Amino acid sequence: MALLHEDRLFPAEEKTQAIARRLYAGIKNLPIVSPHGHTQAGWFARNEAFPDPVTFFVQPDHYVFRMLYSQGVTLEELEIGNHPVRNPRAVWHIFASHYHLFRGTPTRLWLDYAFETLFGLTERLSAATADTYFDTIEAKLATAEFRPRMLFERFGIEVLATTDSPVDGLEDHAVIRASGWKGRIVPTFRPDPVVDPEFAGFRVGIEALGKLTGEDTATWSGYLRALEARRRFFKTLGATATDHGHPTAQTADLDEAEAAWLFDAVLGGKAEAAQKELFRAQMLTEMARMSLEDGLVMQIHPGSVRNHNAQIFAKYGRDMGADIPQATDYVHALRPLLDRFGNEARLTLILFTLDETAFSRELAPLAGHYPCLKLGPPWWFFDSPEGMRRFRELVTETAGFYNTAGFNDDTRAFLSIPARHDVARRMDASFLARLVAEHRIEEDEAVELARELAVGLVKKAYKL
Amino acid sequence: MALLHEDRLFPAEEKTQAIARRLYAGIKNLPIVSPHGHTQAGWFARNEAFPDPVTFFVQPDHYVFRMLYSQGVTLEELEIGNHPVRNPRAVWHIFASHYHLFRGTPTRLWLDYAFETLFGLTERLSAATADTYFDTIEAKLATAEFRPRMLFERFGIEVLATTDSPVDGLEDHAVIRASGWKGRIVPTFRPDPVVDPEFAGFRVGIEALGKLTGEDTATWSGYLRALEARRRFFKTLGATATDHGHPTAQTADLDEAEAAWLFDAVLGGKAEAAQKELFRAQMLTEMARMSLEDGLVMQIHPGSVRNHNAQIFAKYGRDMGADIPQATDYVHALRPLLDRFGNEARLTLILFTLDETAFSRELAPLAGHYPCLKLGPPWWFFDSPEGMRRFRELVTETAGFYNTAGFNDDTRAFLSIPARHDVARRMDASFLARLVAEHRIEEDEAVELARELAVGLVKKAYKL
Amino acid sequence: MALLHEDRLFPAEEKTQAIARRLYAGIKNLPIVSPHGHTQAGWFARNEAFPDPVTFFVQPDHYVFRMLYSQGVTLEELEIGNHPVRNPRAVWHIFASHYHLFRGTPTRLWLDYAFETLFGLTERLSAATADTYFDTIEAKLATAEFRPRMLFERFGIEVLATTDSPVDGLEDHAVIRASGWKGRIVPTFRPDPVVDPEFAGFRVGIEALGKLTGEDTATWSGYLRALEARRRFFKTLGATATDHGHPTAQTADLDEAEAAWLFDAVLGGKAEAAQKELFRAQMLTEMARMSLEDGLVMQIHPGSVRNHNAQIFAKYGRDMGADIPQATDYVHALRPLLDRFGNEARLTLILFTLDETAFSRELAPLAGHYPCLKLGPPWWFFDSPEGMRRFRELVTETAGFYNTAGFNDDTRAFLSIPARHDVARRMDASFLARLVAEHRIEEDEAVELARELAVGLVKKAYKL
């Protein structure tokens, strides 16, 4: 018995499968480069054991609990929001007895990978095996081998980026650096809390930004200088990138007086929705300007309608599996920024989407022309076998491989990192194998490309 | 010679095909559950012979005559609108001599299925075989075995839902029930004629609704009570569901005074287009409220621009093959309804789309989170092998299989029902076979899923 | 060693591949019918040698230089805009050393095809082989066999259409006709310069139109008569079609007074953006009216945001690889035109798209109903193996094969014409082979269809 077949995700067709197997063998054991994600630096700073299987597998993973919730399991039953979990075994039983819901999803692939490779479990999770799983996992989590730093090393992670607010002091990152541990964990500058007027605590954040930097953040120029200062600070702790999670990809290029006026309006709390959107748009262009100056790579993750479920948001807050994508324009939205900086080969702007229709219509044509643009990997709901396949099919013919930026795991679930990279490597090997089998490239080229897609392009794009 | 190959629609790759074949064998003969469609209860109430091949195959099937029309055959030549058809053999010859137009379409698959399994025809339809076909079909249609009730039984239909106006007296349904015949045929409450101010006869319908129920439907409260009463009446004849065919998926949640004012405006005929849209939007939320009370499952079929061809509409009326899909938003449109009832696990709201881009971007994320939501099968133009394949590929990774609601044939063409279910079963078997062949699920799971997709999920979703 | 495998682009699965091979063998050597493209009649009128490999392969091909530009190569380095190229060998070296960028793109397929079949080159292009390539190509280009007319004949081109402004005198076309050479090269009437108020030189063009025709093009009626006259002139030189490259597919059907007023506004330079759009919209309907009268087939190529890169446009002008697609509506946009002429079987209106989402949602349903509509092949970024596969998968089930219009190479790169048709024939053979292997059509039907898709349908649609 085994949960994982060695040929999983490869095409069934014999010749193509054989090529995929060869390509995968060449990249399987390459180190993991994780330039964007949502793990917590504190885990590695404190290096404490994960307390129980639920805290490890269920609570941090909105992919898991959103599916259970969709089928009538309540968040109360799952003890979402309880730290620590009061009755982890009971929650685990609910999860186990609903494990069939994940058939055909990437979550199933990621979980099985962790169950088997980390915990040696080889019989499928179900109500019947729930206790065996719980006991096995609980026992192992208590061992030294399962502390965060040991797992980090075991996973073969070369570098791992967290995502952080500009007003975060990055103390955990400093602790890690000071600890002498060799694991490379770097912060990412994500200014949404002080750039998006609709973010809860926007004004408080801007005040905090002033205190941290000694700038008068009540003025437009002081606010910009404060952001520049925090970017410099992030760089001292290893940051190579920024990240921007706006509802749309809208950019703007206002003159200074207009921008200053708009800043006063949003800070004064009198701005309307359209002005808030314009402010976010302007800030993307400001961030591009700063990136050109300080060399931080810029990422835009647009198009998520956050906190779509008002009742869940009221009760549990953000990131509860209730963010839903919306149709997203790039061709018009990015134009103001591109008019100004689009031809700068020194700028790297990595674009993501939750609207797959943009891949072939807008994103590949844009990235296949503008020197500053690269395409990020399939994101969130599309970090999946079919999502990855569609991404390559939709993007490659126009943008090629070299305008893409490797893989991101983008996860809060630490344990899923190796599984996610493994899925990406298998899917890229499979896609390349099809190109070889159909005589569209030759195998020596595919071998080279497989390594680029696994490690080379991401290091280059993120300057890692 | 045969029209139907036993491995049709299965992947050509040998290992995958063998798995598909096994999965299909396990579901091939399961009963047909048809929870949504447009057959006529009168056929089963009266149980009269279908008069001729054209009335059986061509006239009720807008998939057939729209294709012929697109290639220059006029609706006059096809005698669309003539009851009875004056020269069925001449029409049949036109159809037969254009049969090559259907190459690569699902219509071809459905027709060949009926030709061979019902009529024993095994040589391809063409000008040369037109008369053989006509004579064979005409002769069989005259026999007792081809009366509607006998076909219903022969098709293995366990339950068949029609679609009916709230002001329909459902006499045919009552006749069937009173007849002692065991065939289960149930109505579906489709209130568009009295809910959509742009529906021809809207005000007349609302008056009729008042007469049928004894409510004062000139008032908002009386109108709502009348609808509630008709829903109860539909339930007495077996209805388990409602259906809503709006141009968009827009919902609204007005307070009572606003809603009452809006009702007066639309009933008074003074409402503008935006108000009519708002009224339809409000009515979806009212219907959700009623569903929560009376347990009827709610279906929304949005996004069709009806009667796009003004000249054809003027001459022939509705449903003449000239409805064209439009881009359809769900993420914003459904929010008012979901804000109110989205977390109700007791409510079942089944969503359909004619805009496939919504599957992975909006519908799967929504159904993979909200307890009340399920996804209906690929609809109309997408009730086809490629449409079904895309549906599973786009939806499964985010929503899983268990947030989908089985298959609908949704047809006016009675004869096509078994063919359509057969295509769906073969395509689902093929999709599952690929997952097994790529080691994403195991075969015992696929066996279980195949049965759920064929019969289990639809019975549960529609409470049948 | 060879660049081209004889089974390239066919599915790897053995049975399907064997069918594809048989189907392709039946169409491989059929003549090339090229009803839409951007080659220059002057090449064939003057029949001069192409001066060097860069002028032949790099300069006319925005697919090539946009990819190089996206990866940091400047247009200056590529000598784009220099005629003649000053240092073609240096440019060629840049191109060769970046050839890996084209892996997985159709450009790679087209180039390899030309390298091997025209120049006998069989080792992959790279920095190492750059000089061999340059020398070989340069030497052959200087020979008589590589003059434009000889290549035309060698390519097996039966007819080749250029794309021309209404104010073009078509002197090159006249020279070709007068020369006694048998090659059939026909113009296409593309009135954008005098129909789109945002086209540079719009008013100058309209004046020129007046001079050419003797009509008073300062009046609406004179302007229309002038366009009619130029259409007649184009027909005398073999034109069978018009072409319209608007930002959207919007049409309008104004009454004469409104249209005349609008014409005055746009000609007077006082029109706002919405009025310019309305004018373009009205002109599509006028063009349809004229087509119904003079029999010219009408093509609409909508949805490109032209000259997206302002800096590149300022420096290099149009067609510099910086046109980016946008989301494009057809269902509402085409309605005014279709309300008037949609049911005319004598009109042929061929629709294209850069928004693939429209294929299954709007274009196939429209073409599968309206007698005047046909679907053009996948265009521009989608003239590629995956683009062609998606096109057939998205369109065929609703519109069938017979509402499509064969292949267009649509190229400025003369040398790529046979390669592009070869890719299309291989991809259509592959798609048909899958339908046969899955028993959805039979092989005799696929044989017939393959010939229709290669030559039959395009000749019929374009009246060639």
# chains A, B, ... in the order shown; residues from 1 in each chain; ligands from 1
$ interface_residues --of "chain C" --to "chain A" --cutoff "8 Å" --atoms "only C-alpha atoms" --output "VMD selection string"
chain C and resid 4 to 5 7 to 13 66 to 67 69 to 72 101 to 106 109 305 308 to 311 321 to 322 324 to 327 354 to 357 381 384 386
$ residues_around --residues "segment 405-421 of chain C" --least-positions-apart "6" --cutoff "7 Å" --atoms "only C-alpha atoms" --output "list in words"
Ser34, Pro35, His36, Gly37, His38, Thr39, Pro60, Asp61, Trp110, Tyr113, Ala114, Phe155, Lys374, Leu375, Gly376, Pro377, Leu453, Ala454, Val455, Leu457, Val458 and Ala461 of chain C
$ closest_residue --among "C:Asp264, C:Asp112, C:Glu138, C:Glu286" --to "Leu224 of chain C" --atoms "only C-alpha atoms"
C:Glu286
$ select_by_dssp --residues "segment 332-439 of chain C" --states "alpha helix (DSSP H)" --output "ChimeraX atom specification"
/C:335-341,357-358,364-367,385-399,417-437
$ residues_around --residues "segment 156-167 of chain A" --least-positions-apart "4" --cutoff "7 Å" --atoms "only C-alpha atoms" --output "ChimeraX atom specification"
/A:31-41,152,184-191,193,205,208-209,230
$ write_last_selection --atoms "C-alpha atoms" --output "mmCIF file, in the first residue's frame"
data_model
loop_
_atom_site.group_PDB
_atom_site.id
_atom_site.type_symbol
_atom_site.label_atom_id
_atom_site.label_comp_id
_atom_site.auth_asym_id
_atom_site.auth_seq_id
_atom_site.Cartn_x
_atom_site.Cartn_y
_atom_site.Cartn_z
ATOM 1 C CA PRO A 31 16.577 22.726 -3.620
ATOM 2 C CA ILE A 32 13.312 24.533 -2.954
ATOM 3 C CA VAL A 33 13.307 28.255 -3.633
ATOM 4 C CA SER A 34 10.193 29.804 -2.121
ATOM 5 C CA PRO A 35 10.097 33.518 -2.951
ATOM 6 C CA HIS A 36 6.527 34.221 -1.885
ATOM 7 C CA GLY A 37 4.375 32.767 0.875
ATOM 8 C CA HIS A 38 2.684 33.238 4.198
ATOM 9 C CA THR A 39 4.519 31.077 6.695
ATOM 10 C CA GLN A 40 5.423 32.722 9.992
ATOM 11 C CA ALA A 41 8.971 33.776 10.765
ATOM 12 C CA PHE A 152 12.970 23.435 6.884
ATOM 13 C CA ARG A 184 17.672 31.642 4.861
ATOM 14 C CA ILE A 185 14.335 33.279 5.661
ATOM 15 C CA VAL A 186 13.659 36.700 4.198
ATOM 16 C CA PRO A 187 10.832 39.184 4.620
ATOM 17 C CA THR A 188 8.734 40.673 1.810
ATOM 18 C CA PHE A 189 7.497 44.236 1.907
ATOM 19 C CA ARG A 190 3.701 44.138 1.584
ATOM 20 C CA PRO A 191 2.389 47.641 2.179
ATOM 21 C CA PRO A 193 -2.194 47.932 5.314
ATOM 22 C CA GLY A 205 -0.914 52.104 10.334
ATOM 23 C CA ALA A 208 2.752 53.884 13.217
ATOM 24 C CA LEU A 209 4.768 54.260 10.048
ATOM 25 C CA ARG A 230 10.912 50.890 5.577
#
$ residues_around --residues "Leu3 of chain C" --least-positions-apart "3" --cutoff "7 Å" --atoms "only C-alpha atoms" --output "list in words"
Asp112, Glu116, Thr122, Glu123 and Arg124 of chain C
$ atom_distance --atom1 "atom CA of Ile19 of chain B" --atom2 "atom CA of Ala18 of chain A"
20.3 Å
$ closest_residue --among "C:Phe391, C:Ile350, C:Gln282, C:Gly180" --to "Asp255 of chain C" --atoms "only C-alpha atoms"
C:Gln282
$ residues_around --residues "Ile80 of chain A" --least-positions-apart "2" --cutoff "9 Å" --atoms "only C-alpha atoms" --output "list in words"
Val58, Gln59, Phe65, Leu75, Glu76, Glu77, Leu78, Asn82, His83, Val85 and Tyr316 of chain A
$ atom_distance --atom1 "atom CA of Gly214 of chain B" --atom2 "atom CA of Glu228 of chain B"
12.2 Å
$ decode --residues "segment 174-187 of chain C" --atoms "C-alpha atoms" --output "short mmCIF file (atom, residue, chain, number, x, y, z; two decimals), in the first residue's frame"
data_model
loop_
_atom_site.label_atom_id
_atom_site.label_comp_id
_atom_site.auth_asym_id
_atom_site.auth_seq_id
_atom_site.Cartn_x
_atom_site.Cartn_y
_atom_site.Cartn_z
CA ALA C 174 -1.67 46.57 -61.66
CA VAL C 175 1.99 45.97 -62.48
CA ILE C 176 1.70 42.30 -61.49
CA ARG C 177 -1.37 41.86 -63.68
CA ALA C 178 0.28 43.61 -66.60
CA SER C 179 3.49 41.58 -66.23
CA GLY C 180 2.08 38.38 -67.61
CA TRP C 181 3.16 36.48 -64.50
CA LYS C 182 0.50 33.97 -63.55
CA GLY C 183 0.67 34.36 -59.75
CA ARG C 184 -2.73 35.38 -58.38
CA ILE C 185 -2.30 38.25 -55.95
CA VAL C 186 -5.39 40.19 -54.99
CA PRO C 187 -5.94 43.30 -52.88
#
